[in-house]
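Novice: Please see the structure below; I have some questions.
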2 protein chains.
Amino acid sequence: MSSTHRYTVAVIGGTGPQGKGLGYRFARHGHDIVLGSRAAEKAQTVAAEVNERLTDLPGAGTARGAANADAIAAADVVLLAVPYDGHDDLVTSLAEALAGKTVISCVNPLAFDKRGAHGQVIDAGEGSAAESAARIAPEATVVGAFHNVAAPALWGAEDFLDEDVIVVGDSVEGKQVAIDLAASVTDRPGIDGGKLRLARVLEPFTAVLISINRKYKTHSGIRVTGLDAPH
Amino acid sequence: MSSTHRYTVAVIGGTGPQGKGLGYRFARHGHDIVLGSRAAEKAQTVAAEVNERLTDLPGAGTARGAANADAIAAADVVLLAVPYDGHDDLVTSLAEALAGKTVISCVNPLAFDKRGAHGQVIDAGEGSAAESAARIAPEATVVGAFHNVAAPALWGAEDFLDEDVIVVGDSVEGKQVAIDLAASVTDRPGIDGGKLRLARVLEPFTAVLISINRKYKTHSGIRVTGLDAPH
């Protein structure tokens, strides 16, 4: 199922595996994407790679590359898919461009040591990457979503991923955009998971999935049970 | 699917909805439970309620009630199913009895305000109820599991719940006990989700499910995708 509205989505961090994979999924199911990078050329190279995979897919949208600020200017929705390392500085540098936009953060602040993956502690446990973005860019509408979808699956051949996208945010309209876009990844709308502060849970949950992947040699995801589709 | 080993499980907080519901599930599928409470009589009353529901179920185990310390003494596995409020004091009072036992914590440190449910911040973001129990009772083997199963479903009529139990812990043997017991709740083994510190994620994840329940008027749960059953 694709959403009815056709969005233009700027993907900040569009040359990384998560950004490229999600951008590809959005474009594959009819949205237009502008992959953003610090250097426009690098983004254009990756956009060409995405376009190659969109060929012969009926109903696919378009992909192009641009420098981050230009990508944002061309879009109504912005996906933040950057590493947490350097996240706050990057969002600060783009805060003006982000004003008025719906910003979807899928940033996972993780740390790794010999005991495996775990969540980085942000603001002494009272923060998350998504909440940091909302604080740094107060004129943007920030929601959190797509934290737990694995990059290899996104870039894979399957039409849709067998998992759910949980969306958190303080704006109903902002959440609806991510709920719509989720349908191009999972074949059903995203699930409203509550307020933005619950990004504190969704972000480090990825560490649990990474642990499961290592143990069971798989690409795991989560589904929410107890909901009748479509919800 | 029931596990092959028959456990005797002491349920601390056995008169609350989560403890009573999980105890009922364990006993329904062949384990023996001792519901614990501060007052033995209260535990015995609830055990009678559970036994009534076990009648005519072939292969069911037994349920009885006892004061907390007596319940622990009679069991090889202890389920901590108490409210987080007062948790540390209670575990402190039982620390000696818990020595040498496998202790499964399903404690969810949640807070509620007008914006809904969210996780309580423990040890400035570097702790969880399960880790607190492990620190207070260092001679127990503490694992975390069963955080995200809803009490009404546990007490319901369905044979099994359509969700997964994720188990975290630093002891492989300890995790295996919870993985085995999960089969009596979900009809398949629990999933090894990594180290004990990841209880910091599983505990507040319940706040996301509560938000989903309120929004969609349902009892939601989670399933892990990407795993072939049985794993």
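Chain labels follow the order of the structure tokens: the first chain is A, the next B, and so on; residue numbering restarts at 1 in every chain, and ligands are counted from 1 in their shown order.
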Take chain B, superimpose it onto chain A by least squares using every C-alpha atom paired in sequence order, and output the result as a JSON list (two decimals) with C-alpha atoms, in the first residue's frame.
Specialist:
```json
[["chain", "number", "residue", "atom", "x", "y", "z"],
["B", 1, "MET", "CA", -0.02, -0.02, -0.06],
["B", 2, "SER", "CA", 1.30, 3.39, -0.95],
["B", 3, "SER", "CA", 0.15, 6.59, 0.67],
["B", 4, "THR", "CA", -2.13, 8.85, -1.36],
["B", 5, "HIS", "CA", -0.10, 12.02, -0.88],
["B", 6, "ARG", "CA", 3.08, 12.39, -2.91],
["B", 7, "TYR", "CA", 5.81, 13.90, -0.76],
["B", 8, "THR", "CA", 9.14, 15.43, -1.64],
["B", 9, "VAL", "CA", 11.51, 14.20, 1.05],
["B", 10, "ALA", "CA", 14.98, 15.60, 1.68],
["B", 11, "VAL", "CA", 17.19, 12.92, 3.20],
["B", 12, "ILE", "CA", 19.93, 14.43, 5.32],
["B", 13, "GLY", "CA", 22.57, 11.75, 5.61],
["B", 14, "GLY", "CA", 21.30, 10.47, 2.29],
["B", 15, "THR", "CA", 24.59, 8.85, 1.39],
["B", 16, "GLY", "CA", 24.67, 6.66, 4.51],
["B", 17, "PRO", "CA", 23.06, 3.21, 4.48],
["B", 18, "GLN", "CA", 19.95, 4.14, 6.51],
["B", 19, "GLY", "CA", 19.24, 7.35, 4.59],
["B", 20, "LYS", "CA", 19.91, 5.84, 1.20],
["B", 21, "GLY", "CA", 17.79, 2.79, 2.03],
["B", 22, "LEU", "CA", 14.82, 4.76, 3.34],
["B", 23, "GLY", "CA", 15.04, 7.23, 0.47],
["B", 24, "TYR", "CA", 15.00, 4.34, -1.98],
["B", 25, "ARG", "CA", 11.89, 2.90, -0.32],
["B", 26, "PHE", "CA", 10.07, 6.23, -0.41],
["B", 27, "ALA", "CA", 10.93, 6.76, -4.09],
["B", 28, "ARG", "CA", 10.13, 3.17, -4.99],
["B", 29, "HIS", "CA", 6.57, 3.74, -3.86],
["B", 30, "GLY", "CA", 5.93, 7.05, -5.51],
["B", 31, "HIS", "CA", 7.56, 9.81, -3.49],
["B", 32, "ASP", "CA", 10.30, 12.11, -4.72],
["B", 33, "ILE", "CA", 13.54, 12.25, -2.80],
["B", 34, "VAL", "CA", 16.43, 14.66, -2.65],
["B", 35, "LEU", "CA", 19.42, 12.99, -1.07],
["B", 36, "GLY", "CA", 21.41, 15.52, 0.87],
["B", 37, "SER", "CA", 25.08, 15.52, 1.73],
["B", 38, "ARG", "CA", 27.69, 18.09, 2.67],
["B", 39, "ALA", "CA", 28.97, 17.80, -0.87],
["B", 40, "ALA", "CA", 26.36, 17.87, -3.63],
["B", 41, "GLU", "CA", 28.46, 15.65, -5.90],
["B", 42, "LYS", "CA", 28.56, 12.77, -3.45],
["B", 43, "ALA", "CA", 24.79, 12.99, -3.05],
["B", 44, "GLN", "CA", 24.33, 13.01, -6.82],
["B", 45, "THR", "CA", 26.42, 9.87, -7.19],
["B", 46, "VAL", "CA", 24.26, 8.02, -4.66],
["B", 47, "ALA", "CA", 21.08, 9.40, -6.25],
["B", 48, "ALA", "CA", 22.21, 7.90, -9.55],
["B", 49, "GLU", "CA", 22.61, 4.57, -7.79],
["B", 50, "VAL", "CA", 19.05, 4.85, -6.44],
["B", 51, "ASN", "CA", 17.67, 5.89, -9.82],
["B", 52, "GLU", "CA", 19.22, 2.85, -11.40],
["B", 53, "ARG", "CA", 17.19, 0.68, -9.05],
["B", 54, "LEU", "CA", 14.01, 2.67, -9.75],
["B", 55, "THR", "CA", 14.15, 1.96, -13.49],
["B", 56, "ASP", "CA", 11.26, -0.17, -14.71],
["B", 57, "LEU", "CA", 9.37, 0.18, -11.43],
["B", 58, "PRO", "CA", 5.92, 1.45, -12.34],
["B", 59, "GLY", "CA", 4.78, 4.34, -10.19],
["B", 60, "ALA", "CA", 8.21, 5.08, -8.77],
["B", 61, "GLY", "CA", 9.13, 8.65, -7.90],
["B", 62, "THR", "CA", 12.37, 10.41, -8.62],
["B", 63, "ALA", "CA", 15.72, 10.69, -6.86],
["B", 64, "ARG", "CA", 18.29, 13.45, -7.08],
["B", 65, "GLY", "CA", 21.15, 14.72, -4.98],
["B", 66, "ALA", "CA", 22.00, 18.14, -3.57],
["B", 67, "ALA", "CA", 23.92, 19.86, -0.83],
["B", 68, "ASN", "CA", 22.03, 19.59, 2.47],
["B", 69, "ALA", "CA", 20.57, 23.10, 2.58],
["B", 70, "ASP", "CA", 19.47, 22.91, -1.07],
["B", 71, "ALA", "CA", 17.88, 19.53, -0.47],
["B", 72, "ILE", "CA", 15.90, 20.92, 2.45],
["B", 73, "ALA", "CA", 14.81, 23.97, 0.48],
["B", 74, "ALA", "CA", 13.36, 21.73, -2.24],
["B", 75, "ALA", "CA", 11.37, 19.54, 0.16],
["B", 76, "ASP", "CA", 8.39, 19.73, 2.48],
["B", 77, "VAL", "CA", 9.57, 16.81, 4.59],
["B", 78, "VAL", "CA", 13.08, 16.22, 5.90],
["B", 79, "LEU", "CA", 14.42, 12.87, 7.06],
["B", 80, "LEU", "CA", 17.33, 13.19, 9.47],
["B", 81, "ALA", "CA", 19.38, 10.04, 8.94],
["B", 82, "VAL", "CA", 22.77, 11.12, 10.19],
["B", 83, "PRO", "CA", 25.11, 9.48, 12.69],
["B", 84, "TYR", "CA", 24.54, 10.73, 16.22],
["B", 85, "ASP", "CA", 28.18, 11.75, 16.34],
["B", 86, "GLY", "CA", 28.08, 15.34, 15.11],
["B", 87, "HIS", "CA", 24.27, 15.38, 15.02],
["B", 88, "ASP", "CA", 23.77, 18.47, 17.16],
["B", 89, "ASP", "CA", 26.31, 20.54, 15.24],
["B", 90, "LEU", "CA", 24.80, 19.54, 11.92],
["B", 91, "VAL", "CA", 21.25, 20.35, 13.02],
["B", 92, "THR", "CA", 22.47, 23.67, 14.38],
["B", 93, "SER", "CA", 24.00, 24.52, 11.01],
["B", 94, "LEU", "CA", 20.72, 23.65, 9.26],
["B", 95, "ALA", "CA", 18.28, 25.05, 11.85],
["B", 96, "GLU", "CA", 17.26, 28.03, 9.74],
["B", 97, "ALA", "CA", 16.58, 25.90, 6.66],
["B", 98, "LEU", "CA", 14.54, 23.45, 8.76],
["B", 99, "ALA", "CA", 12.11, 26.13, 9.99],
["B", 100, "GLY", "CA", 8.56, 25.28, 8.92],
["B", 101, "LYS", "CA", 9.44, 21.77, 7.74],
["B", 102, "THR", "CA", 8.26, 18.44, 9.04],
["B", 103, "VAL", "CA", 11.44, 16.74, 10.25],
["B", 104, "ILE", "CA", 11.54, 12.98, 10.82],
["B", 105, "SER", "CA", 14.46, 11.80, 12.93],
["B", 106, "CYS", "CA", 15.55, 8.17, 12.64],
["B", 107, "VAL", "CA", 18.82, 8.87, 14.42],
["B", 108, "ASN", "CA", 19.96, 6.10, 16.78],
["B", 109, "PRO", "CA", 22.42, 7.26, 19.44],
["B", 110, "LEU", "CA", 24.17, 3.96, 20.07],
["B", 111, "ALA", "CA", 27.44, 2.98, 21.62],
["B", 112, "PHE", "CA", 29.36, -0.26, 21.21],
["B", 113, "ASP", "CA", 31.77, -2.02, 23.51],
["B", 114, "LYS", "CA", 32.82, -5.60, 24.12],
["B", 115, "ARG", "CA", 29.42, -6.28, 25.69],
["B", 116, "GLY", "CA", 27.66, -5.27, 22.48],
["B", 117, "ALA", "CA", 25.42, -2.39, 21.49],
["B", 118, "HIS", "CA", 23.65, -0.13, 23.95],
["B", 119, "GLY", "CA", 22.02, 3.26, 24.02],
["B", 120, "GLN", "CA", 24.05, 6.38, 24.61],
["B", 121, "VAL", "CA", 22.78, 8.31, 27.61],
["B", 122, "ILE", "CA", 21.52, 11.71, 26.48],
["B", 123, "ASP", "CA", 20.81, 14.57, 28.87],
["B", 124, "ALA", "CA", 21.18, 12.27, 31.88],
["B", 125, "GLY", "CA", 18.39, 10.03, 30.62],
["B", 126, "GLU", "CA", 15.94, 12.85, 29.92],
["B", 127, "GLY", "CA", 16.66, 13.28, 26.24],
["B", 128, "SER", "CA", 16.97, 11.68, 22.83],
["B", 129, "ALA", "CA", 18.34, 12.63, 19.44],
["B", 130, "ALA", "CA", 14.84, 13.57, 18.28],
["B", 131, "GLU", "CA", 14.28, 15.83, 21.29],
["B", 132, "SER", "CA", 17.68, 17.44, 20.72],
["B", 133, "ALA", "CA", 16.73, 18.23, 17.13],
["B", 134, "ALA", "CA", 13.42, 19.71, 18.31],
["B", 135, "ARG", "CA", 15.26, 21.89, 20.80],
["B", 136, "ILE", "CA", 17.89, 23.05, 18.31],
["B", 137, "ALA", "CA", 15.39, 23.71, 15.50],
["B", 138, "PRO", "CA", 12.33, 24.95, 17.41],
["B", 139, "GLU", "CA", 10.54, 26.16, 14.28],
["B", 140, "ALA", "CA", 10.59, 22.70, 12.75],
["B", 141, "THR", "CA", 7.98, 20.05, 13.55],
["B", 142, "VAL", "CA", 10.12, 17.13, 14.71],
["B", 143, "VAL", "CA", 8.88, 13.56, 14.99],
["B", 144, "GLY", "CA", 10.74, 10.29, 15.50],
["B", 145, "ALA", "CA", 10.26, 7.23, 13.28],
["B", 146, "PHE", "CA", 12.06, 4.54, 11.24],
["B", 147, "HIS", "CA", 14.59, 3.88, 14.02],
["B", 148, "ASN", "CA", 14.30, 0.13, 13.93],
["B", 149, "VAL", "CA", 14.35, -0.73, 10.23],
["B", 150, "ALA", "CA", 17.59, -2.33, 9.14],
["B", 151, "ALA", "CA", 19.56, -0.82, 6.27],
["B", 152, "PRO", "CA", 20.30, -4.11, 4.47],
["B", 153, "ALA", "CA", 16.59, -4.94, 4.30],
["B", 154, "LEU", "CA", 15.79, -1.43, 3.06],
["B", 155, "TRP", "CA", 18.22, -1.82, 0.20],
["B", 156, "GLY", "CA", 17.08, -5.39, -0.47],
["B", 157, "ALA", "CA", 14.81, -6.81, -3.16],
["B", 158, "GLU", "CA", 11.65, -7.51, -1.13],
["B", 159, "ASP", "CA", 8.76, -5.26, -2.01],
["B", 160, "PHE", "CA", 8.05, -4.46, 1.63],
["B", 161, "LEU", "CA", 9.61, -5.17, 5.02],
["B", 162, "ASP", "CA", 7.82, -7.46, 7.48],
["B", 163, "GLU", "CA", 7.86, -5.06, 10.39],
["B", 164, "ASP", "CA", 6.18, -1.98, 11.78],
["B", 165, "VAL", "CA", 7.26, 1.63, 11.99],
["B", 166, "ILE", "CA", 6.42, 3.30, 15.29],
["B", 167, "VAL", "CA", 6.07, 7.09, 15.13],
["B", 168, "VAL", "CA", 6.39, 9.45, 18.10],
["B", 169, "GLY", "CA", 5.90, 13.19, 18.24],
["B", 170, "ASP", "CA", 4.06, 16.08, 19.81],
["B", 171, "SER", "CA", 2.34, 17.15, 16.58],
["B", 172, "VAL", "CA", -0.50, 15.05, 15.21],
["B", 173, "GLU", "CA", 0.05, 16.49, 11.71],
["B", 174, "GLY", "CA", 3.76, 15.82, 11.89],
["B", 175, "LYS", "CA", 3.19, 12.24, 12.95],
["B", 176, "GLN", "CA", 0.72, 11.73, 10.12],
["B", 177, "VAL", "CA", 3.44, 12.45, 7.54],
["B", 178, "ALA", "CA", 5.67, 9.72, 8.96],
["B", 179, "ILE", "CA", 2.67, 7.39, 9.32],
["B", 180, "ASP", "CA", 1.93, 7.93, 5.60],
["B", 181, "LEU", "CA", 5.53, 7.45, 4.51],
["B", 182, "ALA", "CA", 5.84, 4.25, 6.54],
["B", 183, "ALA", "CA", 3.40, 2.59, 4.14],
["B", 184, "SER", "CA", 6.06, 2.74, 1.44],
["B", 185, "VAL", "CA", 8.37, 0.71, 3.67],
["B", 186, "THR", "CA", 6.10, -1.78, 5.42],
["B", 187, "ASP", "CA", 2.94, -1.83, 3.25],
["B", 188, "ARG", "CA", 0.87, -0.43, 6.08],
["B", 189, "PRO", "CA", 0.69, 2.87, 7.88],
["B", 190, "GLY", "CA", 3.06, 3.61, 10.71],
["B", 191, "ILE", "CA", 1.78, 3.29, 14.26],
["B", 192, "ASP", "CA", 1.29, 6.29, 16.50],
["B", 193, "GLY", "CA", 3.43, 5.45, 19.52],
["B", 194, "GLY", "CA", 2.82, 8.58, 21.59],
["B", 195, "LYS", "CA", 4.75, 11.71, 22.48],
["B", 196, "LEU", "CA", 8.19, 12.77, 21.25],
["B", 197, "ARG", "CA", 9.86, 11.98, 24.58],
["B", 198, "LEU", "CA", 9.24, 8.28, 23.86],
["B", 199, "ALA", "CA", 11.98, 8.55, 21.26],
["B", 200, "ARG", "CA", 14.13, 7.83, 24.33],
["B", 201, "VAL", "CA", 12.85, 4.27, 24.02],
["B", 202, "LEU", "CA", 12.69, 3.78, 20.25],
["B", 203, "GLU", "CA", 16.24, 4.99, 19.62],
["B", 204, "PRO", "CA", 18.07, 2.56, 21.94],
["B", 205, "PHE", "CA", 15.66, -0.27, 21.08],
["B", 206, "THR", "CA", 17.84, -0.67, 18.00],
["B", 207, "ALA", "CA", 20.56, -1.95, 20.35],
["B", 208, "VAL", "CA", 18.24, -4.82, 21.34],
["B", 209, "LEU", "CA", 17.65, -5.69, 17.68],
["B", 210, "ILE", "CA", 21.39, -5.58, 16.99],
["B", 211, "SER", "CA", 21.92, -7.99, 19.90],
["B", 212, "ILE", "CA", 19.26, -10.30, 18.48],
["B", 213, "ASN", "CA", 20.83, -10.08, 15.02],
["B", 214, "ARG", "CA", 24.22, -11.12, 16.38],
["B", 215, "LYS", "CA", 22.82, -13.98, 18.41],
["B", 216, "TYR", "CA", 20.48, -15.41, 15.78],
["B", 217, "LYS", "CA", 22.35, -14.35, 12.61],
["B", 218, "THR", "CA", 19.36, -12.54, 11.16],
["B", 219, "HIS", "CA", 17.93, -9.11, 10.38],
["B", 220, "SER", "CA", 15.28, -8.69, 13.03],
["B", 221, "GLY", "CA", 12.54, -6.10, 13.23],
["B", 222, "ILE", "CA", 9.51, -5.52, 15.38],
["B", 223, "ARG", "CA", 5.83, -5.80, 14.69],
["B", 224, "VAL", "CA", 3.12, -4.50, 16.95],
["B", 225, "THR", "CA", 0.45, -7.11, 17.65],
["B", 226, "GLY", "CA", -3.14, -6.47, 18.69],
["B", 227, "LEU", "CA", -3.89, -4.02, 15.85],
["B", 228, "ASP", "CA", -6.18, -4.81, 12.98],
["B", 229, "ALA", "CA", -4.72, -3.70, 9.66],
["B", 230, "PRO", "CA", -5.34, -1.21, 8.24],
["B", 231, "HIS", "CA", -5.51, 0.90, 11.37]]
```
Novice: Check region 82-224 of chain A with DSSP on the backbone and list each residue it calls helix (DSSP H, G or I), as JSON, numbers by chain.
Specialist: {"A": [87, 88, 89, 90, 91, 92, 93, 94, 95, 96, 97, 98, 123, 124, 125, 129, 130, 131, 132, 133, 134, 135, 136, 151, 152, 153, 154, 172, 173, 174, 175, 176, 177, 178, 179, 180, 181, 182, 183, 184, 185, 186, 196, 197, 198, 199, 200, 201, 202, 203, 204, 205, 206, 207, 208, 209, 210, 211, 212, 213, 214, 215, 216]}
